[in-house]
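Here is input19.cif, consisting of mmCIF, C-alpha atoms and all ligand atoms:
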```
data_model
#
loop_
_atom_site.label_atom_id
_atom_site.label_comp_id
_atom_site.auth_asym_id
_atom_site.auth_seq_id
_atom_site.Cartn_x
_atom_site.Cartn_y
_atom_site.Cartn_z
CA MET A 1469 3.34 -16.85 14.29
CA PRO A 1470 1.98 -15.44 11.02
CA PHE A 1471 5.35 -15.25 9.21
CA TYR A 1472 8.05 -17.51 7.98
CA SER A 1473 10.67 -14.81 7.66
CA GLU A 1474 12.36 -12.36 10.00
CA LYS A 1475 11.67 -9.62 7.48
CA GLY A 1476 7.94 -10.28 7.79
CA MET A 1477 8.11 -10.24 11.57
CA ASP A 1478 10.10 -7.00 11.48
CA HIS A 1479 7.53 -5.24 9.30
CA TRP A 1480 4.75 -6.49 11.56
CA HIS A 1481 6.38 -5.30 14.79
CA GLN A 1482 7.83 -2.06 13.41
CA PRO A 1483 5.64 -1.04 10.49
CA ARG A 1484 6.98 1.80 8.35
CA ASN A 1485 4.93 4.77 7.12
CA VAL A 1486 1.93 4.33 9.41
CA GLY A 1487 -0.42 7.31 9.46
CA GLU A 1488 -2.40 9.60 7.26
CA ILE A 1489 -1.59 12.37 4.75
CA PRO A 1490 -4.22 15.06 5.30
CA ASP A 1491 -3.72 16.68 1.87
CA ALA A 1492 -3.13 13.43 -0.01
CA ASP A 1493 -3.24 13.49 -3.81
CA GLY A 1494 -4.77 10.01 -3.87
CA ILE A 1495 -6.57 7.80 -1.35
CA GLY A 1496 -7.31 4.10 -1.77
CA GLU A 1497 -9.36 2.04 0.61
CA VAL A 1498 -10.02 -1.68 0.40
CA GLY A 1499 -11.72 -4.20 2.62
CA ASN A 1500 -10.94 -7.88 2.89
CA PRO A 1501 -14.10 -9.87 2.14
CA VAL A 1502 -12.69 -12.89 3.98
CA CYS A 1503 -12.21 -11.27 7.37
CA GLY A 1504 -13.66 -7.75 7.10
CA ASP A 1505 -10.34 -6.02 7.77
CA MET A 1506 -9.67 -2.63 6.20
CA MET A 1507 -6.65 -0.90 4.68
CA THR A 1508 -6.28 2.70 3.47
CA PHE A 1509 -3.35 4.15 1.56
CA TYR A 1510 -2.57 7.85 1.14
CA ILE A 1511 -0.14 9.07 -1.52
CA LYS A 1512 1.50 12.38 -2.31
CA VAL A 1513 2.67 12.74 -5.92
CA GLN A 1514 5.14 15.20 -7.41
CA ASP A 1515 6.33 15.13 -11.03
CA ASN A 1516 4.71 11.72 -11.55
CA ARG A 1517 6.58 10.26 -8.56
CA ILE A 1518 5.24 9.03 -5.21
CA VAL A 1519 7.11 11.30 -2.83
CA ASP A 1520 5.21 10.31 0.30
CA ILE A 1521 3.01 7.41 1.27
CA LYS A 1522 1.22 6.49 4.48
CA PHE A 1523 -1.28 3.85 5.47
CA LYS A 1524 -3.81 2.92 8.11
CA THR A 1525 -4.62 -0.74 8.49
CA PHE A 1526 -7.21 -2.28 10.75
CA GLY A 1527 -6.20 -5.86 10.33
CA CYS A 1528 -4.07 -8.80 11.31
CA GLY A 1529 -0.29 -8.88 11.61
CA ALA A 1530 0.14 -10.07 8.05
CA ALA A 1531 -1.99 -7.20 6.71
CA ILE A 1532 0.08 -4.70 8.70
CA ALA A 1533 3.38 -6.17 7.47
CA VAL A 1534 2.06 -6.19 3.90
CA SER A 1535 1.01 -2.52 4.15
CA SER A 1536 4.38 -1.59 5.53
CA MET A 1537 6.20 -3.46 2.76
CA VAL A 1538 4.00 -1.95 0.02
CA SER A 1539 4.65 1.54 1.36
CA GLU A 1540 8.42 0.96 1.27
CA MET A 1541 8.28 -0.55 -2.21
CA ALA A 1542 6.20 2.34 -3.61
CA LYS A 1543 7.99 5.29 -2.02
CA GLY A 1544 10.07 7.17 -4.59
CA LYS A 1545 8.66 5.17 -7.50
CA THR A 1546 7.01 6.68 -10.57
CA ILE A 1547 3.29 6.02 -11.03
CA GLU A 1548 4.06 3.49 -13.78
CA GLU A 1549 6.58 1.63 -11.60
CA ALA A 1550 4.23 1.61 -8.60
CA LEU A 1551 1.45 0.13 -10.74
CA LYS A 1552 3.73 -2.84 -11.40
CA ILE A 1553 3.87 -3.78 -7.70
CA THR A 1554 1.72 -6.88 -7.39
CA ASN A 1555 0.41 -8.79 -4.40
CA GLU A 1556 2.69 -11.69 -5.35
CA LEU A 1557 5.74 -9.43 -5.39
CA VAL A 1558 4.88 -8.06 -1.96
CA ALA A 1559 4.48 -11.54 -0.47
CA GLN A 1560 7.78 -12.51 -2.09
CA GLU A 1561 9.56 -9.48 -0.63
CA LEU A 1562 8.29 -10.46 2.80
CA GLY A 1563 9.93 -13.84 2.35
CA GLY A 1564 6.62 -15.60 1.72
CA LEU A 1565 3.47 -15.80 3.77
CA PRO A 1566 1.83 -18.86 5.28
CA PRO A 1567 -0.89 -20.18 2.91
CA ASN A 1568 -3.70 -19.30 5.31
CA LYS A 1569 -2.46 -15.68 5.33
CA MET A 1570 -2.17 -15.19 1.59
CA HIS A 1571 -5.62 -13.56 1.45
CA CYS A 1572 -4.26 -10.83 3.74
CA SER A 1573 -1.52 -9.96 1.27
CA ASN A 1574 -4.10 -9.31 -1.43
CA LEU A 1575 -5.09 -6.05 0.24
CA GLY A 1576 -1.74 -4.31 -0.08
CA ALA A 1577 -1.17 -3.77 -3.77
CA ASP A 1578 -4.93 -3.38 -4.33
CA ALA A 1579 -5.10 -0.46 -1.90
CA LEU A 1580 -2.02 1.14 -3.47
CA HIS A 1581 -3.44 0.78 -6.97
CA LYS A 1582 -6.73 2.29 -5.82
CA ALA A 1583 -4.91 5.29 -4.39
CA ILE A 1584 -3.11 5.72 -7.73
CA GLU A 1585 -6.40 5.46 -9.63
CA ASP A 1586 -7.85 8.11 -7.34
CA TYR A 1587 -4.84 10.35 -7.99
CA LEU A 1588 -5.11 9.87 -11.77
CA LYS A 1589 -8.84 10.60 -11.73
CA LYS A 1590 -8.34 13.80 -9.74
CA LYS A 1591 -5.47 14.83 -12.01
CA GLU A 1592 -7.60 14.27 -15.10
CA GLN A 1593 -10.37 16.44 -13.64
CA LYS A 1594 -7.85 19.12 -12.71
CA ASP A 1595 -6.22 19.02 -16.15
CA ALA A 1596 -9.65 19.35 -17.74
CA GLY A 1597 -10.21 22.41 -15.59
CA LYS A 1598 -13.15 20.90 -13.71
CA VAL A 1599 -11.67 21.39 -10.23
FE1 LIG B 1 -7.85 -9.96 7.90
FE2 LIG B 1 -5.48 -10.87 7.54
S1 LIG B 1 -7.05 -11.78 8.74
S2 LIG B 1 -6.35 -9.14 6.65
#
```
Starting from the file, lay out its structure as structure tokens.
Amino acid sequence: MPFYSEKGMDHWHQPRNVGEIPDADGIGEVGNPVCGDMMTFYIKVQDNRIVDIKFKTFGCGAAIAVSSMVSEMAKGKTIEEALKITNELVAQELGGLPPNKMHCSNLGADALHKAIEDYLKKKEQKDAGKV
């Protein structure tokens, strides 16, 4: 069993916000160097707020639960608030992860932050009139 908590098990078995946003404003993809698993986050932003978020994770149960938790934590948050979501916070929210699964939790916030960076980069280009 990869989790200590019921919350972790719940997010593993019934992950929230699985899928893809075809016209996403930002996309972030990360790979786990330890196991080779992949995670992609898609965000939709309106008035500086994450109004929709979806993810696709090809990974273990812990990675799926972490993605699900990150998506719930980030939904409705402003860009600044979402940038404050850390891997530690996510693991904490899940009620802790077994030590041998901590590397899996590192993907979550990283993928979210990458999607935000992608959004900010695109926004900057748009604002500069390059797109
Ligand atoms: Fe690959 Fe957990 S074993 S992300």
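With distances taken over all atoms listed in the file, A:Gly1527 is the one residue among A:Gly1597, A:Gly1527, A:Gly1544, A:Gly1563 lying closest to ligand LIG 1 (chain B).
Comparing A:Cys1572, A:Ile1495, A:Leu1551, A:Val1538 by their smallest distance to ligand LIG 1 (chain B), the closest is A:Cys1572 (using only C-alpha atoms and all ligand atoms).
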Would you list the contacts of Glu1548 (chain A) as a PDB file with C-alpha atoms, in the coordinates of the input, taking every protein, DNA or RNA residue within 10 Å and counting all atoms listed in the file, but skipping same-chain residues closer than 2 positions in sequence?
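The resulting file, around04.pdb, is reproduced below:
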```
ATOM      1  CA  ASN A1516       4.710  11.720 -11.550  1.00  0.00           C
ATOM      2  CA  ARG A1517       6.580  10.260  -8.560  1.00  0.00           C
ATOM      3  CA  LYS A1545       8.660   5.170  -7.500  1.00  0.00           C
ATOM      4  CA  THR A1546       7.010   6.680 -10.570  1.00  0.00           C
ATOM      5  CA  ALA A1550       4.230   1.610  -8.600  1.00  0.00           C
ATOM      6  CA  LEU A1551       1.450   0.130 -10.740  1.00  0.00           C
ATOM      7  CA  LYS A1552       3.730  -2.840 -11.400  1.00  0.00           C
ATOM      8  CA  ILE A1553       3.870  -3.780  -7.700  1.00  0.00           C
ATOM      9  CA  ILE A1584      -3.110   5.720  -7.730  1.00  0.00           C
TER      10      ILE A1584
END
```
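Among the candidates A:Met1477, A:Val1519, A:Ala1530, A:Ala1579, the residue lying nearest to ligand LIG 1 (chain B) is A:Ala1530 (atoms considered: only C-alpha atoms and all ligand atoms).
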Dump as JSON lines the rows for residues of chain A within 8 Å of ligand LIG 1 (chain B): closest atom pair and distance in Å with one decimal, all atoms listed in the file counted, ordered by chain and rising residue number.
```
{"residue": "A:Asn1500", "atom": "CA", "partner": "B:LIG1", "partner_atom": "S2", "distance": 6.1}
{"residue": "A:Val1502", "atom": "CA", "partner": "B:LIG1", "partner_atom": "FE1", "distance": 6.9}
{"residue": "A:Cys1503", "atom": "CA", "partner": "B:LIG1", "partner_atom": "FE1", "distance": 4.6}
{"residue": "A:Gly1504", "atom": "CA", "partner": "B:LIG1", "partner_atom": "FE1", "distance": 6.3}
{"residue": "A:Asp1505", "atom": "CA", "partner": "B:LIG1", "partner_atom": "FE1", "distance": 4.7}
{"residue": "A:Met1506", "atom": "CA", "partner": "B:LIG1", "partner_atom": "S2", "distance": 7.3}
{"residue": "A:Gly1527", "atom": "CA", "partner": "B:LIG1", "partner_atom": "S2", "distance": 4.9}
{"residue": "A:Cys1528", "atom": "CA", "partner": "B:LIG1", "partner_atom": "FE2", "distance": 4.5}
{"residue": "A:Gly1529", "atom": "CA", "partner": "B:LIG1", "partner_atom": "FE2", "distance": 6.9}
{"residue": "A:Ala1530", "atom": "CA", "partner": "B:LIG1", "partner_atom": "FE2", "distance": 5.7}
{"residue": "A:Ala1531", "atom": "CA", "partner": "B:LIG1", "partner_atom": "S2", "distance": 4.8}
{"residue": "A:Lys1569", "atom": "CA", "partner": "B:LIG1", "partner_atom": "FE2", "distance": 6.1}
{"residue": "A:His1571", "atom": "CA", "partner": "B:LIG1", "partner_atom": "FE2", "distance": 6.7}
{"residue": "A:Cys1572", "atom": "CA", "partner": "B:LIG1", "partner_atom": "S2", "distance": 4.0}
{"residue": "A:Ser1573", "atom": "CA", "partner": "B:LIG1", "partner_atom": "S2", "distance": 7.3}
{"residue": "A:Leu1575", "atom": "CA", "partner": "B:LIG1", "partner_atom": "S2", "distance": 7.2}
```
Can you spit out the residues from that selection as a tab-separated table (two decimals), keeping the file's coordinate frame, using C-alpha atoms?
```
chain	number	residue	atom	x	y	z
A	1500	ASN	CA	-10.94	-7.88	2.89
A	1502	VAL	CA	-12.69	-12.89	3.98
A	1503	CYS	CA	-12.21	-11.27	7.37
A	1504	GLY	CA	-13.66	-7.75	7.10
A	1505	ASP	CA	-10.34	-6.02	7.77
A	1506	MET	CA	-9.67	-2.63	6.20
A	1527	GLY	CA	-6.20	-5.86	10.33
A	1528	CYS	CA	-4.07	-8.80	11.31
A	1529	GLY	CA	-0.29	-8.88	11.61
A	1530	ALA	CA	0.14	-10.07	8.05
A	1531	ALA	CA	-1.99	-7.20	6.71
A	1569	LYS	CA	-2.46	-15.68	5.33
A	1571	HIS	CA	-5.62	-13.56	1.45
A	1572	CYS	CA	-4.26	-10.83	3.74
A	1573	SER	CA	-1.52	-9.96	1.27
A	1575	LEU	CA	-5.09	-6.05	0.24
```
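Closest to Ser1473 (chain A) among A:Gln1593, A:Gln1514, A:Asn1574, A:Gln1560 is A:Gln1560, based on all atoms listed in the file.
One finds CA of Asp1595 (chain A) at 15.3 Å from CA of Gly1494 (chain A).
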Identify, on the basis of only C-alpha atoms, every residue whose closest approach to Val1486 (chain A) does not exceed 7 Å; exclude the query and any residue fewer than 5 positions from it along the same chain; express the result as a PDB file with C-alpha atoms, in the frame of the given file.
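Wrote it out as part10.pdb, contents follow:
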```
ATOM      1  CA  LYS A1522       1.220   6.490   4.480  1.00  0.00           C
ATOM      2  CA  PHE A1523      -1.280   3.850   5.470  1.00  0.00           C
ATOM      3  CA  LYS A1524      -3.810   2.920   8.110  1.00  0.00           C
TER       4      LYS A1524
END
```
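The two atoms in question, CA of Ala1596 (chain A) and CA of Glu1488 (chain A), are spaced 27.8 Å apart.
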Judged by only C-alpha atoms, the minimum distance to Met1541 (chain A) among A:Gly1476, A:Gly1576, A:Gly1487, A:Pro1501 is found for A:Gly1576
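The closest residue to Val1534 (chain A), picked from A:Glu1585, A:Glu1592, A:Glu1556, A:Asp1520 and counting only C-alpha atoms, is A:Glu1556.
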For CA of Ile1532 (chain A) and CA of Pro1483 (chain A), quote the distance in Å rounded to one decimal.
6.9 Å
Around the point (11.2, -11.9, 10.8) (coordinates from the file), which residues reach within 12 Å if we count all atoms listed in the file? Answer as a ChimeraX atom specification.
/A:1469-1482,1529-1530,1533,1561-1565
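Residues lying at most 9 Å from (8.4, 1.0, 3.7) in file coordinates, with all atoms listed in the file considered, are His1479, Pro1483, Arg1484, Asn1485, Ile1521, Ser1535, Ser1536, Met1537, Val1538, Ser1539, Glu1540, Met1541, Ala1542 and Lys1543 of chain A.
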Centre and edges of the region 1552-1563 of chain A box, axis-aligned, 6 Å extra per side, as JSON:
```
{"center_x": 5.2, "center_y": -8.3, "center_z": -4.3, "size_x": 21.5, "size_y": 23.0, "size_z": 26.2}
```
